[in-house]
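Have a look at the structure below before the remarks.
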Amino acid sequence: MLSGEELQRYGRQIIYPGFGEIGQDKLKASYVLVVGVGGLGCAASMYLTYAGAGHITIVDDDSVDLSNLNRQMLHWEGDIGKKKPISAANKLRKINSSVRITPVCKKITEDNVDVIIKGFDVVIDGLDNFKTRFVLNAACVRQKIPFIHAGVNGLLGQITTIVPGKTPCLACIYSTPPVSEETVPVFGVTPALMASLQVMEAIKLIAGFGETFQGRMLYFNGESMEFAYEDLTKNPKCSVCGPGRLNAKEHRK
Amino acid sequence: MSVKMLIPQLLHKYADNQEVVEVDGTTVNDCIDSLRNRYPELERWLYRSGKVATYVHIGVNKKKASIDDRVADGDEIRIMLATGGG
């Protein structure tokens with residue numbers, strides 16, 4: 001049930017047809033995990049917090065650096081040196097005190113990923129490398145948790161929503177993890193745009209309305225202002241989500 | 001030396017709606033350059049500052065490859081975008 005204050009606070013989204021009080025209630029009851037609190041993760045966790053997603057956990061092992069401040073909106077000048085989840089949680093709680101924010105200062109590894117993602121309704125990809133994304137993708141497939149992938153480079157971005165058992169997973173799309181550069185060029189606006197789309201996907205998945213980018217990748221090219229799509233196909237021999245691989249923990253290494 | 005380039009769906013419209021284009025080249029880089037020379041509109045998706053962008057993910061004959069790898073007659077190069085920053 002929503003309080004009178006909540007009805008007022010979220011009124012402009014509650015009046016959206018197909019969402020309504022029921023949608024807001026589902027959002028309030030939801031558990032969302034944002035992995036990575038950088039350009040994507042800051043913007044994603046902000047919009048989730050504003051929208052009233054009830055329980056948001058933010059995971060990152062990094063500390064705030066001056067070079068993050070061109071894009072990572074939740075980290076300010078006074079936060080340099082602080083752990084990113086702590087820095088971000090302080091601001092998110094001020095944005096919306098009714099949302100339960102849980103900062104986790106850990107690096108996602110093969111050994112801890114299953115414990116970290118357990119029980120979440122949706123996982124949002126705010127990572128900066130494909131190696132860790134593959135670890136997270138495999139765990140989401142094992143636990144059948146929707147995984148909203150995004151990545152950026154300069155003014156280029158990509159996003160797809162992976163629903164285990166239904167859509168291709170990240171390992172179907174790329175048979176091996178693509179090489180990730182140490183330092184990727186990026187303007188703040190690119191991850192902000194992709195993160196807005198990730199939260200839009202999360203809201204629809206949680207509230208159960210609209211259509212999501214399932215089974216297709218959206219690419220955005222900000223230099224030429226073009227959006228392009230690619231249909232994704234499941235790899236029947238996928239080592240992560242192929243037949244018999246769901247829940248097969250022994251295949252994770 | 002003829003090498004098949006498999007064009008990602010999102011770029012078909014910039015490559016005369018083709019899925020496969022035969023190009024000449026002795027390295028992956030040569031082949032992508034040759035593709036770009038034929039279809040200059042691909043440049044804004046595949047290149048940065050005149051060079052093949054680092055986010056272009058390459059496979060040769062279904063195996064992971066890199067830009068400087070040599071290719072042989074009949075090889076198949078698949079290119080995909082993989083923007084991995086966050």
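Naming scheme: A, B, ... for chains in displayed order of the structure tokens; residues 1 onward per chain; ligands 1 onward as shown.
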| said: Can you tell me which residues surround stretch 79-81 of chain B at a distance of at most 8 Å, considering only C-alpha atoms, apart from same-chain residues fewer than 5 positions away, and format the answer as a PyMOL selection string? | reply: chain B and resi 5-8+46+55-59
| said: Residues near A:Leu40, anyone? I mean within 12 Å using only C-alpha atoms, not counting same-chain ones fewer than 5 positions away, as JSON, numbers by chain. | reply: {"A": [34, 35, 45, 46, 47, 58, 68, 71, 72, 73, 74, 124, 125, 126, 127, 128, 148, 149, 150, 151, 152, 153, 157, 158, 159, 186, 187, 188, 189, 190, 191, 192, 193, 194, 195, 196, 197, 198, 199], "B": [84, 85, 86]}
| said: Env of B:Leu35: 10 Å cut, atoms = only C-alpha atoms, seq-sep filter 3 positions within chain, self excluded. Answer as a count of residues only. | reply: 17
| field | Nearest candidate to A:Asn137 (options A:Ile116, A:Val240, A:Cys105, A:Ile15; using only C-alpha atoms) | value |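 For A:Asn137, the nearest of the given residues is A:Val240.
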| query | Got a sec to tell me which of stretch 18-144 of chain A DSSP assigns to strand (DSSP E or B), as a PyMOL selection string? | reply | chain A and resi 31-35+55-59+63+83+100-104+122-125
Export of prior selection with N, CA and C atoms as a PDB file, in the first residue's frame:
ATOM      1  N   TYR A  31      13.649  -5.247  -5.416  1.00  0.00           N
ATOM      2  CA  TYR A  31      15.064  -5.255  -5.021  1.00  0.00           C
ATOM      3  C   TYR A  31      15.891  -5.151  -6.295  1.00  0.00           C
ATOM      4  N   VAL A  32      16.622  -4.076  -6.421  1.00  0.00           N
ATOM      5  CA  VAL A  32      17.413  -3.851  -7.636  1.00  0.00           C
ATOM      6  C   VAL A  32      18.892  -3.768  -7.269  1.00  0.00           C
ATOM      7  N   LEU A  33      19.699  -4.463  -8.044  1.00  0.00           N
ATOM      8  CA  LEU A  33      21.144  -4.447  -7.810  1.00  0.00           C
ATOM      9  C   LEU A  33      21.819  -3.682  -8.944  1.00  0.00           C
ATOM     10  N   VAL A  34      22.610  -2.698  -8.575  1.00  0.00           N
ATOM     11  CA  VAL A  34      23.372  -1.941  -9.570  1.00  0.00           C
ATOM     12  C   VAL A  34      24.843  -2.290  -9.362  1.00  0.00           C
ATOM     13  N   VAL A  35      25.440  -2.927 -10.368  1.00  0.00           N
ATOM     14  CA  VAL A  35      26.830  -3.369 -10.230  1.00  0.00           C
ATOM     15  C   VAL A  35      27.743  -2.395 -10.966  1.00  0.00           C
ATOM     16  N   HIS A  55      14.296  -1.008  -2.790  1.00  0.00           N
ATOM     17  CA  HIS A  55      15.548  -1.491  -2.200  1.00  0.00           C
ATOM     18  C   HIS A  55      16.621  -1.505  -3.278  1.00  0.00           C
ATOM     19  N   ILE A  56      17.614  -0.681  -3.127  1.00  0.00           N
ATOM     20  CA  ILE A  56      18.664  -0.590  -4.148  1.00  0.00           C
ATOM     21  C   ILE A  56      20.005  -0.910  -3.500  1.00  0.00           C
ATOM     22  N   THR A  57      20.697  -1.877  -4.069  1.00  0.00           N
ATOM     23  CA  THR A  57      22.042  -2.197  -3.583  1.00  0.00           C
ATOM     24  C   THR A  57      23.032  -1.786  -4.661  1.00  0.00           C
ATOM     25  N   ILE A  58      24.076  -1.086  -4.233  1.00  0.00           N
ATOM     26  CA  ILE A  58      25.084  -0.610  -5.188  1.00  0.00           C
ATOM     27  C   ILE A  58      26.428  -1.224  -4.834  1.00  0.00           C
ATOM     28  N   VAL A  59      27.065  -1.816  -5.833  1.00  0.00           N
ATOM     29  CA  VAL A  59      28.309  -2.560  -5.599  1.00  0.00           C
ATOM     30  C   VAL A  59      29.454  -1.974  -6.415  1.00  0.00           C
ATOM     31  N   SER A  63      37.487   3.522  -5.548  1.00  0.00           N
ATOM     32  CA  SER A  63      37.343   4.770  -4.804  1.00  0.00           C
ATOM     33  C   SER A  63      37.241   5.914  -5.804  1.00  0.00           C
ATOM     34  N   LYS A  83      35.173   5.366  -0.905  1.00  0.00           N
ATOM     35  CA  LYS A  83      34.668   4.227  -1.675  1.00  0.00           C
ATOM     36  C   LYS A  83      33.401   4.685  -2.422  1.00  0.00           C
ATOM     37  N   ARG A 100      15.553   2.176   0.516  1.00  0.00           N
ATOM     38  CA  ARG A 100      16.608   1.535   1.298  1.00  0.00           C
ATOM     39  C   ARG A 100      17.835   1.320   0.402  1.00  0.00           C
ATOM     40  N   ILE A 101      18.877   2.048   0.711  1.00  0.00           N
ATOM     41  CA  ILE A 101      20.111   1.982  -0.098  1.00  0.00           C
ATOM     42  C   ILE A 101      21.140   1.147   0.657  1.00  0.00           C
ATOM     43  N   THR A 102      21.671   0.142  -0.006  1.00  0.00           N
ATOM     44  CA  THR A 102      22.696  -0.693   0.623  1.00  0.00           C
ATOM     45  C   THR A 102      23.996  -0.620  -0.190  1.00  0.00           C
ATOM     46  N   PRO A 103      25.019   0.022   0.370  1.00  0.00           N
ATOM     47  CA  PRO A 103      26.303   0.052  -0.346  1.00  0.00           C
ATOM     48  C   PRO A 103      27.117  -1.205  -0.057  1.00  0.00           C
ATOM     49  N   VAL A 104      27.705  -1.775  -1.092  1.00  0.00           N
ATOM     50  CA  VAL A 104      28.565  -2.952  -0.921  1.00  0.00           C
ATOM     51  C   VAL A 104      29.912  -2.646  -1.584  1.00  0.00           C
ATOM     52  N   VAL A 122      16.087  -7.596 -10.352  1.00  0.00           N
ATOM     53  CA  VAL A 122      16.742  -7.126 -11.576  1.00  0.00           C
ATOM     54  C   VAL A 122      18.186  -6.763 -11.238  1.00  0.00           C
ATOM     55  N   VAL A 123      19.094  -7.049 -12.173  1.00  0.00           N
ATOM     56  CA  VAL A 123      20.491  -6.630 -12.019  1.00  0.00           C
ATOM     57  C   VAL A 123      20.821  -5.646 -13.144  1.00  0.00           C
ATOM     58  N   ILE A 124      21.366  -4.503 -12.765  1.00  0.00           N
ATOM     59  CA  ILE A 124      21.738  -3.490 -13.756  1.00  0.00           C
ATOM     60  C   ILE A 124      23.256  -3.463 -13.908  1.00  0.00           C
ATOM     61  N   ASP A 125      23.688  -3.546 -15.154  1.00  0.00           N
ATOM     62  CA  ASP A 125      25.104  -3.582 -15.504  1.00  0.00           C
ATOM     63  C   ASP A 125      25.658  -2.159 -15.544  1.00  0.00           C
TER      64      ASP A 125
END
| task | Excluding B:Gly74 and residues on its chain fewer than 2 positions from it, collect all residues at most 10 Å away from it, counting only C-alpha atoms, and give them as a VMD selection string. | result | chain B and resid 1 to 4 22 61 71 to 72 76 to 77
| Pick the closest to chain B from A:Asn221, A:Thr109, A:Thr49, A:Ser87: which is it, counting only C-alpha atoms? |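 Under the stated criterion, the closest residue is A:Asn221.
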